[in-house]
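*Asks:* Dropping the structure in here first, questions after.
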Amino acid sequence: MEKNSVDYSPLLSKQGDENGGYVGRFSPFVVSATKWTLRTLISLIFILWAAFIFLLPSVPVNGLFSKWLNFSSGSSFGVTGSILLILDAPVLIIAFLAIAYLIISGEDQIPEKKSSKYPRFRLWTFPLLINGPFGVVSATEFIGIIIFLAYVIWAFSAYAVQALATISDQLSFRAKSLHMLDFMGLRLGMMGKMCLAFLFIPISRGSVLLRFIDIPFEHATKYHVWLGHLTIVLFTLHGLFFAIEWLMEGRLIQELLEWKDIGVANLAGVISLVAGLSMWVTSLPGVRKWNFELFFYTHQLYVVFIVFMALHIGDFSFSMAAGPIYLFILDRFLRFCQSRRTVNVVSSRCLPCGTVEVVLSKPQNLRYNALSFIFLQVRELSWLQWHPFSVSSSPLDGKNHIAVLIKVLGKWTGKLRETITDVDASEDLSVKPNTVVTASVEGPYGHEVPYHLMYENLILVAGGIGLSPFLAILSDILHRVRDGKPCRPRNVLIVWAVKKSDELPLLSTVDMETICPRFSDKVNINIHIFVTRESDPPLEEGYSFKPIKSSLCPFSMPSDYGMSGLVGTGNNFWFGLYVISSTLGFVILLSLLNIYFINPSGLEKEWYKGLLFVVCMLASVVIFGGIVVGFWHMWEKQSSLKDKSDNIKVDQVEQNGSVDQKDPSQDNVTKLTAVRYGSRPDFKEIFESMSEKWGHVNVGVIVCGPRTLQSSVAQEIRSHSLKREPYHPIFHFHSHSFDL
């Protein structure tokens, strides 16, 4: 490919080295064929694995599984190794193949401009359910819910039939009841473990599995919530069935406090269930909204929940769900390593509406896109609290910084604004040593592919501070249009609803004319602003497009250059090496444990073997994975030294320059913006107007705001899709709201 042409193909080139790509360039055919092969293998392995779990309650499959366990019980790994091979190895193999796929893919890619002439519906962007208990649910998500519910109903029914078939007619009603309670209680625990295998996948923030299917963590959290409800119900029923059985037998207290060496340690199960129920109760919407800190701190009981579950059921039973849990441990350790570093804060400012903008330093090789988000910790405010924020900057704004907008919505953000305000009010920063702030960052996380660049027509719907990611999208589009980089969007409509007009200066954080002079000749941008709680503009005629002056804040400025690149979404090569080495380390430790300790000593304490199993999982990540992380850190430090020169200073000057320059001509920006007071967006009118204007095309609709706003937009998209004319566009719903 010629150097002067725009390269849309996935790169296996030097450019990919920064993010773990290969050195050298391969033909597009080789790249496509390799990616297709990996996708096919991953799909095949996943289908077989999921089908086995789904059919396991059936007598034939259960019988084959039992024969396999009996056949392999005499090996060095015993039954535990057999279960790991059947239920956990497929998950880890999928993870390895997904890493290879991401390495081959290289950097985020924008497909060539060959849009389909005939727009079509997509199951994952069509909102099927809206106002139910699950919130806005796409057609694809609805299919997933049906599959899980079908599994629960099918498994419960199959086990119930098997239980009834083993009951003798000669038994009394009481004996039959006790048998059913014991049999079904055990099987409910089995069903709970199968759901547990999926529960930990959505909460691995840098999960390679989520990155492969391009589901970001902020979207996956709702899947964790759904699975959490189902899992805790199954485990609660599991415990309840046994409690009723023991109560009928008159030995409830004795059984609850029993800790058997051979068999199940009941007390450990009670502790695990209590921890699980505590997490569940405090995660309910009402409790979470009333006291988020209570929810956050109580959720750290997941450690107690997992460890005591392993003590309760032993190593062989716990290993049924160990694969996804192991991937979570890998992600958690990497997050821990990244969060130890304090981050340079380039600048900060407090906007007139009270929103705080913080600009953080980052290494050049740490990639992100306009749809990314980070977790931010300020140690002077809290050592334990991490808060998620969408980025408000485009990666094209500068290679060495990333910006976030923080609105005051609670105690933590209120304290942060007070700190910034106090500092900004001080003329002599040296006289306020107590206001120095130490910041740490986890991330960035988000979509693997910047889908906002996949549509020629975009509608961005924001509520309040929900404008933040759209500022990044605007900047990203304008930079790409100016520089001639791959960028499909040519028609962009922003619909922004705010309570009061003092929030309007948020839009000034992106100086569109400075980024791309005469941008209106290249991309059509319209901004509709709705001020809902003011009937008239203020006396000074409301919104001024004049850029806002920035104020520096004396945040801590350590010797490190920026946030750490030790993150699952960072360098794909190092991340893959970390995952593979940790997994091999786990196999080695488990082998040594069985060969030199468990088998020679004839250890039969199930709870003790369960504890050793968990210790092996943790030790393999810390020791074997830790060695790779150490080398990764040294490589990152070496890369930072190469970029040291004056890049950070230049980047800061560029960022400040975009804010502090003299006022450019804003005629175009003023013309494309319409502000309405005392009204809310009429989405029916908006979508009908765009339908007539844009015609038969695909339109990406991205919503960032409260649930009511998401529901309103999704409702209108569904209604329009069901009643649309053949020549009208197809609207594709995307939510970018982070709701823990």
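Chain labels A, B, ... are given in the sequence in which chains occur in the structure tokens; within each chain residues are numbered consecutively from 1, and ligands are likewise numbered from 1 in the order shown.
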Can you check which residues of segment 259-427 of chain A DSSP gives as strand (DSSP E or B) on the backbone and send them as a PyMOL selection string?
*Replies:* chain A and resi 342-343+345-350+356-361+373-378+387-391+401-406
*Asks:* Hey, what's within 8 Å of segment 97-100 of chain A if we count only C-alpha atoms and toss same-chain stuff fewer than 5 positions away? As number ranges by chain, please?
*Replies:* A: 38, 42, 208-209, 212, 572, 576
*Asks:* With all heavy atoms retained, could you export that selection as a compact mmCIF listing (two decimals), in the first residue's frame?
*Replies:*
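Once everything was written out, this is result37.txt:
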```
# COMPACT_ATOMS: atom_id res chain seq x y z
N LEU A 38 -9.41 -17.72 13.79
CA LEU A 38 -9.48 -17.56 15.24
C LEU A 38 -10.91 -17.38 15.71
O LEU A 38 -11.34 -17.97 16.72
CB LEU A 38 -8.62 -16.38 15.68
CG LEU A 38 -7.10 -16.56 15.56
CD1 LEU A 38 -6.38 -15.26 15.83
CD2 LEU A 38 -6.63 -17.65 16.51
N ILE A 42 -12.86 -19.93 18.24
CA ILE A 42 -13.44 -19.43 19.49
C ILE A 42 -14.93 -19.73 19.55
O ILE A 42 -15.45 -20.20 20.58
CB ILE A 42 -13.17 -17.91 19.62
CG1 ILE A 42 -11.69 -17.65 19.87
CG2 ILE A 42 -14.01 -17.31 20.75
CD1 ILE A 42 -11.30 -16.19 19.87
N VAL A 208 -10.16 -9.94 28.44
CA VAL A 208 -9.90 -10.19 27.03
C VAL A 208 -11.14 -10.76 26.35
O VAL A 208 -11.36 -10.57 25.15
CB VAL A 208 -8.69 -11.13 26.87
CG1 VAL A 208 -9.00 -12.51 27.41
CG2 VAL A 208 -8.26 -11.22 25.42
N LEU A 209 -11.99 -11.45 27.12
CA LEU A 209 -13.22 -12.01 26.55
C LEU A 209 -14.18 -10.89 26.16
O LEU A 209 -14.78 -10.92 25.08
CB LEU A 209 -13.88 -12.95 27.56
CG LEU A 209 -13.03 -14.13 28.04
CD1 LEU A 209 -13.83 -15.00 29.02
CD2 LEU A 209 -12.56 -14.98 26.87
N PHE A 212 -12.83 -9.03 23.13
CA PHE A 212 -12.99 -9.77 21.88
C PHE A 212 -14.37 -9.56 21.28
O PHE A 212 -14.51 -9.38 20.07
CB PHE A 212 -12.72 -11.25 22.12
CG PHE A 212 -13.03 -12.13 20.94
CD1 PHE A 212 -12.19 -12.13 19.83
CD2 PHE A 212 -14.17 -12.92 20.93
CE1 PHE A 212 -12.48 -12.92 18.73
CE2 PHE A 212 -14.46 -13.71 19.83
CZ PHE A 212 -13.61 -13.72 18.72
N ASN A 572 -1.08 -5.51 24.13
CA ASN A 572 -1.67 -6.84 23.97
C ASN A 572 -0.63 -7.95 24.10
O ASN A 572 -0.94 -9.03 24.63
CB ASN A 572 -2.36 -6.94 22.61
CG ASN A 572 -3.61 -6.09 22.54
OD1 ASN A 572 -4.32 -5.93 23.52
ND2 ASN A 572 -3.87 -5.52 21.38
N GLY A 576 -0.91 -10.72 26.96
CA GLY A 576 -1.01 -12.13 26.60
C GLY A 576 0.04 -12.96 27.30
O GLY A 576 -0.24 -14.07 27.80
```
*Asks:* Determine which residues of segment 43-200 of chain A receive a DSSP assignment of alpha helix (DSSP H), computed from the backbone, and state them as number ranges by chain.
*Replies:* A: 43-55, 59-72, 78-83, 89-105, 139-165, 173-199
*Asks:* Might you pull out every residue within 8 Å of segment 389-394 of chain A, with only C-alpha atoms counted and same-chain residues fewer than 6 positions away left off, and present them as JSON, numbers by chain?
*Replies:* {"A": [369, 370, 371, 372, 373, 374, 375, 376, 402, 403, 404, 405, 406, 468, 469, 470, 471, 472, 473, 475, 476]}
*Asks:* May I ask which of the residues A:Leu267, A:Val699, A:Leu507, A:Ile595 is the closest one to Leu493 of chain A, counting only C-alpha atoms?
*Replies:*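 Residue with the minimum atom-to-atom distance to Leu493 of chain A: A:Val699.
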*Asks:* Just want the 9 Å neighbourhood of Pro216 of chain A, counted on only C-alpha atoms, with same-chain residues fewer than 5 positions away dropped. Output as a PyMOL selection string.
*Replies:* chain A and resi 202+205-206+210-211+221+372+445-448
*Asks:* Mind checking which residues fall within 8 Å of Ile262 of chain A, counting only C-alpha atoms, ignoring those fewer than 6 positions away in the same chain, and posting them as JSON, numbers by chain?
*Replies:* {"A": [604, 605, 606]}
*Asks:* For the residues in the current selection, export N, CA, C and O atoms as a short mmCIF file (atom, residue, chain, number, x, y, z; two decimals), in the first residue's frame.
*Replies:*
```cif
data_model
loop_
_atom_site.label_atom_id
_atom_site.label_comp_id
_atom_site.auth_asym_id
_atom_site.auth_seq_id
_atom_site.Cartn_x
_atom_site.Cartn_y
_atom_site.Cartn_z
N GLU A 604 -7.19 -36.02 52.74
CA GLU A 604 -8.60 -36.22 52.44
C GLU A 604 -9.48 -35.08 52.95
O GLU A 604 -10.69 -35.11 52.76
N LYS A 605 -8.90 -34.11 53.58
CA LYS A 605 -9.69 -32.97 54.07
C LYS A 605 -10.10 -32.10 52.89
O LYS A 605 -9.29 -31.39 52.31
N GLU A 606 -11.38 -32.17 52.55
CA GLU A 606 -11.85 -31.46 51.36
C GLU A 606 -11.70 -29.95 51.51
O GLU A 606 -11.32 -29.24 50.57
#
```
*Asks:* I need the residue nearest Ile83 of chain A from this list: A:Phe316, A:Leu273, A:Trp154, A:Glu293. Use only C-alpha atoms for the distance.
*Replies:* A:Phe316
*Asks:* Would you list the contacts of Ile686 of chain A as a PDB file with all heavy atoms, in the first residue's frame, taking every protein, DNA or RNA residue within 12 Å and counting only C-alpha atoms, but skipping same-chain residues closer than 5 positions in sequence?
*Replies:*
```pdb
ATOM      1  N   ILE A 459     -26.681  10.666  16.013  1.00  0.00           N
ATOM      2  CA  ILE A 459     -27.476  11.479  16.937  1.00  0.00           C
ATOM      3  C   ILE A 459     -26.943  11.204  18.330  1.00  0.00           C
ATOM      4  O   ILE A 459     -26.974  10.064  18.801  1.00  0.00           O
ATOM      5  CB  ILE A 459     -28.977  11.144  16.850  1.00  0.00           C
ATOM      6  CG1 ILE A 459     -29.516  11.444  15.454  1.00  0.00           C
ATOM      7  CG2 ILE A 459     -29.757  11.938  17.895  1.00  0.00           C
ATOM      8  CD1 ILE A 459     -31.003  11.115  15.291  1.00  0.00           C
ATOM      9  N   LEU A 460     -26.425  12.228  18.976  1.00  0.00           N
ATOM     10  CA  LEU A 460     -25.854  12.107  20.314  1.00  0.00           C
ATOM     11  C   LEU A 460     -26.800  12.772  21.306  1.00  0.00           C
ATOM     12  O   LEU A 460     -27.013  13.981  21.244  1.00  0.00           O
ATOM     13  CB  LEU A 460     -24.472  12.767  20.362  1.00  0.00           C
ATOM     14  CG  LEU A 460     -23.484  12.355  19.253  1.00  0.00           C
ATOM     15  CD1 LEU A 460     -22.173  13.139  19.396  1.00  0.00           C
ATOM     16  CD2 LEU A 460     -23.220  10.856  19.282  1.00  0.00           C
ATOM     17  N   VAL A 461     -27.373  11.979  22.206  1.00  0.00           N
ATOM     18  CA  VAL A 461     -28.359  12.476  23.166  1.00  0.00           C
ATOM     19  C   VAL A 461     -27.734  12.468  24.552  1.00  0.00           C
ATOM     20  O   VAL A 461     -27.339  11.410  25.057  1.00  0.00           O
ATOM     21  CB  VAL A 461     -29.636  11.623  23.150  1.00  0.00           C
ATOM     22  CG1 VAL A 461     -30.671  12.201  24.110  1.00  0.00           C
ATOM     23  CG2 VAL A 461     -30.206  11.531  21.741  1.00  0.00           C
ATOM     24  N   LEU A 493     -25.905  15.250  14.951  1.00  0.00           N
ATOM     25  CA  LEU A 493     -26.892  16.035  15.703  1.00  0.00           C
ATOM     26  C   LEU A 493     -26.701  15.762  17.182  1.00  0.00           C
ATOM     27  O   LEU A 493     -26.752  14.602  17.615  1.00  0.00           O
ATOM     28  CB  LEU A 493     -28.321  15.668  15.281  1.00  0.00           C
ATOM     29  CG  LEU A 493     -29.437  16.265  16.141  1.00  0.00           C
ATOM     30  CD1 LEU A 493     -29.451  17.790  16.023  1.00  0.00           C
ATOM     31  CD2 LEU A 493     -30.796  15.682  15.751  1.00  0.00           C
ATOM     32  N   ILE A 494     -26.481  16.828  17.943  1.00  0.00           N
ATOM     33  CA  ILE A 494     -26.352  16.699  19.399  1.00  0.00           C
ATOM     34  C   ILE A 494     -27.614  17.245  20.045  1.00  0.00           C
ATOM     35  O   ILE A 494     -28.000  18.397  19.811  1.00  0.00           O
ATOM     36  CB  ILE A 494     -25.118  17.463  19.920  1.00  0.00           C
ATOM     37  CG1 ILE A 494     -23.843  16.878  19.329  1.00  0.00           C
ATOM     38  CG2 ILE A 494     -25.065  17.410  21.443  1.00  0.00           C
ATOM     39  CD1 ILE A 494     -22.587  17.591  19.770  1.00  0.00           C
ATOM     40  N   VAL A 495     -28.263  16.413  20.853  1.00  0.00           N
ATOM     41  CA  VAL A 495     -29.436  16.821  21.618  1.00  0.00           C
ATOM     42  C   VAL A 495     -29.032  16.790  23.085  1.00  0.00           C
ATOM     43  O   VAL A 495     -28.769  15.728  23.649  1.00  0.00           O
ATOM     44  CB  VAL A 495     -30.636  15.881  21.365  1.00  0.00           C
ATOM     45  CG1 VAL A 495     -31.836  16.335  22.179  1.00  0.00           C
ATOM     46  CG2 VAL A 495     -30.968  15.838  19.878  1.00  0.00           C
ATOM     47  N   HIS A 528     -28.737  20.995  19.480  1.00  0.00           N
ATOM     48  CA  HIS A 528     -30.009  21.434  20.050  1.00  0.00           C
ATOM     49  C   HIS A 528     -29.926  21.308  21.563  1.00  0.00           C
ATOM     50  O   HIS A 528     -29.775  20.201  22.099  1.00  0.00           O
ATOM     51  CB  HIS A 528     -31.164  20.590  19.508  1.00  0.00           C
ATOM     52  CG  HIS A 528     -31.396  20.757  18.040  1.00  0.00           C
ATOM     53  ND1 HIS A 528     -32.352  20.048  17.347  1.00  0.00           N
ATOM     54  CD2 HIS A 528     -30.796  21.565  17.130  1.00  0.00           C
ATOM     55  CE1 HIS A 528     -32.333  20.410  16.074  1.00  0.00           C
ATOM     56  NE2 HIS A 528     -31.392  21.330  15.921  1.00  0.00           N
ATOM     57  N   ARG A 680     -38.543  20.276  27.035  1.00  0.00           N
ATOM     58  CA  ARG A 680     -37.762  19.048  26.976  1.00  0.00           C
ATOM     59  C   ARG A 680     -37.706  18.551  25.538  1.00  0.00           C
ATOM     60  O   ARG A 680     -38.566  18.892  24.727  1.00  0.00           O
ATOM     61  CB  ARG A 680     -38.371  17.980  27.889  1.00  0.00           C
ATOM     62  CG  ARG A 680     -38.384  18.379  29.360  1.00  0.00           C
ATOM     63  CD  ARG A 680     -39.022  17.306  30.228  1.00  0.00           C
ATOM     64  NE  ARG A 680     -39.048  17.701  31.621  1.00  0.00           N
ATOM     65  CZ  ARG A 680     -38.033  17.521  32.470  1.00  0.00           C
ATOM     66  NH1 ARG A 680     -36.928  16.904  32.042  1.00  0.00           N
ATOM     67  NH2 ARG A 680     -38.110  17.915  33.722  1.00  0.00           N
ATOM     68  N   PRO A 681     -36.725  17.732  25.221  1.00  0.00           N
ATOM     69  CA  PRO A 681     -36.630  17.228  23.847  1.00  0.00           C
ATOM     70  C   PRO A 681     -37.856  16.389  23.474  1.00  0.00           C
ATOM     71  O   PRO A 681     -38.285  15.526  24.248  1.00  0.00           O
ATOM     72  CB  PRO A 681     -35.363  16.362  23.875  1.00  0.00           C
ATOM     73  CG  PRO A 681     -34.582  16.830  25.056  1.00  0.00           C
ATOM     74  CD  PRO A 681     -35.596  17.277  26.061  1.00  0.00           C
ATOM     75  N   SER A 691     -35.557  11.636   9.917  1.00  0.00           N
ATOM     76  CA  SER A 691     -35.967  10.623   8.940  1.00  0.00           C
ATOM     77  C   SER A 691     -36.206  11.251   7.579  1.00  0.00           C
ATOM     78  O   SER A 691     -35.789  10.720   6.540  1.00  0.00           O
ATOM     79  CB  SER A 691     -37.234   9.901   9.422  1.00  0.00           C
ATOM     80  OG  SER A 691     -36.990   9.190  10.619  1.00  0.00           O
ATOM     81  N   GLU A 692     -36.896  12.390   7.565  1.00  0.00           N
ATOM     82  CA  GLU A 692     -37.166  13.076   6.305  1.00  0.00           C
ATOM     83  C   GLU A 692     -35.894  13.678   5.714  1.00  0.00           C
ATOM     84  O   GLU A 692     -35.720  13.730   4.493  1.00  0.00           O
ATOM     85  CB  GLU A 692     -38.211  14.179   6.523  1.00  0.00           C
ATOM     86  CG  GLU A 692     -39.569  13.673   6.989  1.00  0.00           C
ATOM     87  CD  GLU A 692     -40.249  12.795   5.949  1.00  0.00           C
ATOM     88  OE1 GLU A 692     -39.954  12.973   4.740  1.00  0.00           O
ATOM     89  OE2 GLU A 692     -41.055  11.918   6.333  1.00  0.00           O
ATOM     90  N   LYS A 693     -34.993  14.115   6.585  1.00  0.00           N
ATOM     91  CA  LYS A 693     -33.790  14.813   6.126  1.00  0.00           C
ATOM     92  C   LYS A 693     -32.718  13.858   5.608  1.00  0.00           C
ATOM     93  O   LYS A 693     -32.073  14.121   4.584  1.00  0.00           O
ATOM     94  CB  LYS A 693     -33.233  15.661   7.269  1.00  0.00           C
ATOM     95  CG  LYS A 693     -32.035  16.512   6.892  1.00  0.00           C
ATOM     96  CD  LYS A 693     -31.612  17.377   8.072  1.00  0.00           C
ATOM     97  CE  LYS A 693     -30.424  18.266   7.699  1.00  0.00           C
ATOM     98  NZ  LYS A 693     -30.011  19.126   8.846  1.00  0.00           N
ATOM     99  N   TRP A 694     -32.516  12.733   6.296  1.00  0.00           N
ATOM    100  CA  TRP A 694     -31.404  11.846   5.967  1.00  0.00           C
ATOM    101  C   TRP A 694     -31.791  10.694   5.055  1.00  0.00           C
ATOM    102  O   TRP A 694     -30.926  10.099   4.410  1.00  0.00           O
ATOM    103  CB  TRP A 694     -30.767  11.312   7.258  1.00  0.00           C
ATOM    104  CG  TRP A 694     -30.016  12.364   8.019  1.00  0.00           C
ATOM    105  CD1 TRP A 694     -29.577  13.552   7.535  1.00  0.00           C
ATOM    106  CD2 TRP A 694     -29.614  12.315   9.391  1.00  0.00           C
ATOM    107  NE1 TRP A 694     -28.927  14.258   8.509  1.00  0.00           N
ATOM    108  CE2 TRP A 694     -28.931  13.525   9.677  1.00  0.00           C
ATOM    109  CE3 TRP A 694     -29.755  11.405  10.423  1.00  0.00           C
ATOM    110  CZ2 TRP A 694     -28.395  13.818  10.919  1.00  0.00           C
ATOM    111  CZ3 TRP A 694     -29.225  11.683  11.664  1.00  0.00           C
ATOM    112  CH2 TRP A 694     -28.558  12.877  11.916  1.00  0.00           C
ATOM    113  N   VAL A 701     -27.459   6.129  17.218  1.00  0.00           N
ATOM    114  CA  VAL A 701     -27.984   6.973  18.294  1.00  0.00           C
ATOM    115  C   VAL A 701     -27.288   6.571  19.591  1.00  0.00           C
ATOM    116  O   VAL A 701     -27.452   5.442  20.059  1.00  0.00           O
ATOM    117  CB  VAL A 701     -29.508   6.826  18.440  1.00  0.00           C
ATOM    118  CG1 VAL A 701     -30.027   7.751  19.541  1.00  0.00           C
ATOM    119  CG2 VAL A 701     -30.206   7.108  17.120  1.00  0.00           C
ATOM    120  N   VAL A 713     -35.548   7.659  24.733  1.00  0.00           N
ATOM    121  CA  VAL A 713     -34.942   7.516  23.407  1.00  0.00           C
ATOM    122  C   VAL A 713     -35.180   6.110  22.863  1.00  0.00           C
ATOM    123  O   VAL A 713     -35.547   5.930  21.694  1.00  0.00           O
ATOM    124  CB  VAL A 713     -33.437   7.826  23.460  1.00  0.00           C
ATOM    125  CG1 VAL A 713     -32.785   7.576  22.107  1.00  0.00           C
ATOM    126  CG2 VAL A 713     -33.204   9.264  23.900  1.00  0.00           C
ATOM    127  N   GLU A 716     -38.743   5.630  21.603  1.00  0.00           N
ATOM    128  CA  GLU A 716     -39.009   6.253  20.314  1.00  0.00           C
ATOM    129  C   GLU A 716     -38.341   5.477  19.175  1.00  0.00           C
ATOM    130  O   GLU A 716     -38.917   5.346  18.089  1.00  0.00           O
ATOM    131  CB  GLU A 716     -38.506   7.703  20.331  1.00  0.00           C
ATOM    132  CG  GLU A 716     -38.895   8.496  19.097  1.00  0.00           C
ATOM    133  CD  GLU A 716     -40.393   8.472  18.833  1.00  0.00           C
ATOM    134  OE1 GLU A 716     -41.169   8.607  19.805  1.00  0.00           O
ATOM    135  OE2 GLU A 716     -40.792   8.303  17.661  1.00  0.00           O
ATOM    136  N   ILE A 717     -37.145   4.965  19.419  1.00  0.00           N
ATOM    137  CA  ILE A 717     -36.469   4.176  18.386  1.00  0.00           C
ATOM    138  C   ILE A 717     -37.257   2.909  18.082  1.00  0.00           C
ATOM    139  O   ILE A 717     -37.445   2.530  16.917  1.00  0.00           O
ATOM    140  CB  ILE A 717     -35.027   3.837  18.824  1.00  0.00           C
ATOM    141  CG1 ILE A 717     -34.155   5.091  18.798  1.00  0.00           C
ATOM    142  CG2 ILE A 717     -34.419   2.753  17.938  1.00  0.00           C
ATOM    143  CD1 ILE A 717     -32.734   4.860  19.263  1.00  0.00           C
ATOM    144  N   HIS A 720     -40.430   3.887  16.229  1.00  0.00           N
ATOM    145  CA  HIS A 720     -40.127   4.276  14.845  1.00  0.00           C
ATOM    146  C   HIS A 720     -39.774   3.056  14.005  1.00  0.00           C
ATOM    147  O   HIS A 720     -40.169   2.950  12.832  1.00  0.00           O
ATOM    148  CB  HIS A 720     -38.970   5.279  14.825  1.00  0.00           C
ATOM    149  CG  HIS A 720     -38.567   5.704  13.447  1.00  0.00           C
ATOM    150  ND1 HIS A 720     -37.659   4.980  12.692  1.00  0.00           N
ATOM    151  CD2 HIS A 720     -38.939   6.762  12.682  1.00  0.00           C
ATOM    152  CE1 HIS A 720     -37.495   5.566  11.523  1.00  0.00           C
ATOM    153  NE2 HIS A 720     -38.256   6.661  11.494  1.00  0.00           N
TER     154      HIS A 720
END
```
*Asks:* With segment 55-63 of chain A as the partner and 8 Å as the cut-off, tabulate the residues of segment 141-200 of chain A that qualify, each row holding the nearest pair of atoms and their distance in Å to one decimal, using only C-alpha atoms, sorted by chain and rising number, as a Markdown table.
*Replies:*
```
| residue | atom | partner | partner_atom | distance |
| --- | --- | --- | --- | --- |
| A:Ala155 | CA | A:Pro57 | CA | 5.5 |
| A:Ala158 | CA | A:Pro57 | CA | 6.2 |
| A:Tyr159 | CA | A:Pro57 | CA | 6.5 |
```
*Asks:* Can you write just those residues out, N, CA, C and O atoms, as an mmCIF file, in the first residue's frame?
*Replies:*
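Everything below was put into selection_28.cif:
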```cif
data_model
loop_
_atom_site.group_PDB
_atom_site.id
_atom_site.type_symbol
_atom_site.label_atom_id
_atom_site.label_comp_id
_atom_site.auth_asym_id
_atom_site.auth_seq_id
_atom_site.Cartn_x
_atom_site.Cartn_y
_atom_site.Cartn_z
ATOM 1 N N ALA A 155 -32.917 -27.368 33.831
ATOM 2 C CA ALA A 155 -32.097 -28.096 34.789
ATOM 3 C C ALA A 155 -32.909 -28.495 36.019
ATOM 4 O O ALA A 155 -32.814 -29.636 36.500
ATOM 5 N N ALA A 158 -35.249 -31.317 35.008
ATOM 6 C CA ALA A 158 -34.535 -32.580 34.787
ATOM 7 C C ALA A 158 -34.107 -33.210 36.106
ATOM 8 O O ALA A 158 -34.256 -34.424 36.308
ATOM 9 N N TYR A 159 -33.584 -32.384 37.010
ATOM 10 C CA TYR A 159 -33.162 -32.914 38.309
ATOM 11 C C TYR A 159 -34.364 -33.383 39.131
ATOM 12 O O TYR A 159 -34.275 -34.387 39.853
#
```
*Asks:* Which of these, A:Ile598, A:Leu334, A:Leu590, A:Val287, has the shortest distance to Gly630 of chain A once you count only C-alpha atoms?
*Replies:*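 For Gly630 of chain A, the nearest of the candidates is A:Leu334.
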*Asks:* Could you give me, as a tab-separated table, every segment 462-554 of chain A residue with an atom at most 9 Å from segment 353-357 of chain A, plus its closest atom pair and distance in Å to one decimal, counting only C-alpha atoms, rows ordered by chain then number?
*Replies:*
```
residue	atom	partner	partner_atom	distance
A:Ile465	CA	A:Thr355	CA	8.4
A:Ser501	CA	A:Cys353	CA	8.7
A:Asp502	CA	A:Cys353	CA	5.1
A:Glu503	CA	A:Cys353	CA	5.1
A:Leu504	CA	A:Cys353	CA	8.1
A:Pro505	CA	A:Cys353	CA	7.7
A:Leu506	CA	A:Cys353	CA	8.2
```
*Asks:* How many Å separate atom CA of Ser711 of chain A from atom CA of Ala220 of chain A?
*Replies:* 18.3 Å
*Asks:* Can you list, as a PyMOL selection string, every protein, DNA or RNA residue that comes within 8 Å of segment 276-278 of chain A when you count only C-alpha atoms, leaving out same-chain residues fewer than 6 positions away?
*Replies:* chain A and resi 232+298+301-302+305
*Asks:* Got time to write the residues from that selection, N, CA, C and O atoms, as a PDB file, in the first residue's frame?
*Replies:*
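Final output, selection.pdb:
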```pdb
ATOM      1  N   ILE A 232     -27.599 -15.739  43.399  1.00  0.00           N
ATOM      2  CA  ILE A 232     -27.889 -15.700  44.831  1.00  0.00           C
ATOM      3  C   ILE A 232     -29.220 -16.372  45.137  1.00  0.00           C
ATOM      4  O   ILE A 232     -29.394 -16.981  46.209  1.00  0.00           O
ATOM      5  N   THR A 298     -19.342  -3.180  51.242  1.00  0.00           N
ATOM      6  CA  THR A 298     -19.903  -4.512  51.472  1.00  0.00           C
ATOM      7  C   THR A 298     -19.565  -5.446  50.323  1.00  0.00           C
ATOM      8  O   THR A 298     -19.380  -6.654  50.528  1.00  0.00           O
ATOM      9  N   LEU A 301     -16.798  -8.080  50.210  1.00  0.00           N
ATOM     10  CA  LEU A 301     -16.978  -9.400  50.819  1.00  0.00           C
ATOM     11  C   LEU A 301     -16.924 -10.520  49.792  1.00  0.00           C
ATOM     12  O   LEU A 301     -17.038 -11.695  50.148  1.00  0.00           O
ATOM     13  N   TYR A 302     -16.774 -10.164  48.512  1.00  0.00           N
ATOM     14  CA  TYR A 302     -16.659 -11.219  47.503  1.00  0.00           C
ATOM     15  C   TYR A 302     -15.471 -12.130  47.806  1.00  0.00           C
ATOM     16  O   TYR A 302     -15.467 -13.318  47.449  1.00  0.00           O
ATOM     17  N   PHE A 305     -16.794 -14.551  50.232  1.00  0.00           N
ATOM     18  CA  PHE A 305     -17.748 -15.392  49.512  1.00  0.00           C
ATOM     19  C   PHE A 305     -17.034 -16.498  48.738  1.00  0.00           C
ATOM     20  O   PHE A 305     -17.424 -17.677  48.805  1.00  0.00           O
TER      21      PHE A 305
END
```
*Asks:* Which of these residues is nearest to His224 of chain A, using only C-alpha atoms: A:Val152, A:Ala50, A:Leu199, A:Leu247?
*Replies:*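 Nearest to His224 of chain A: A:Leu199.
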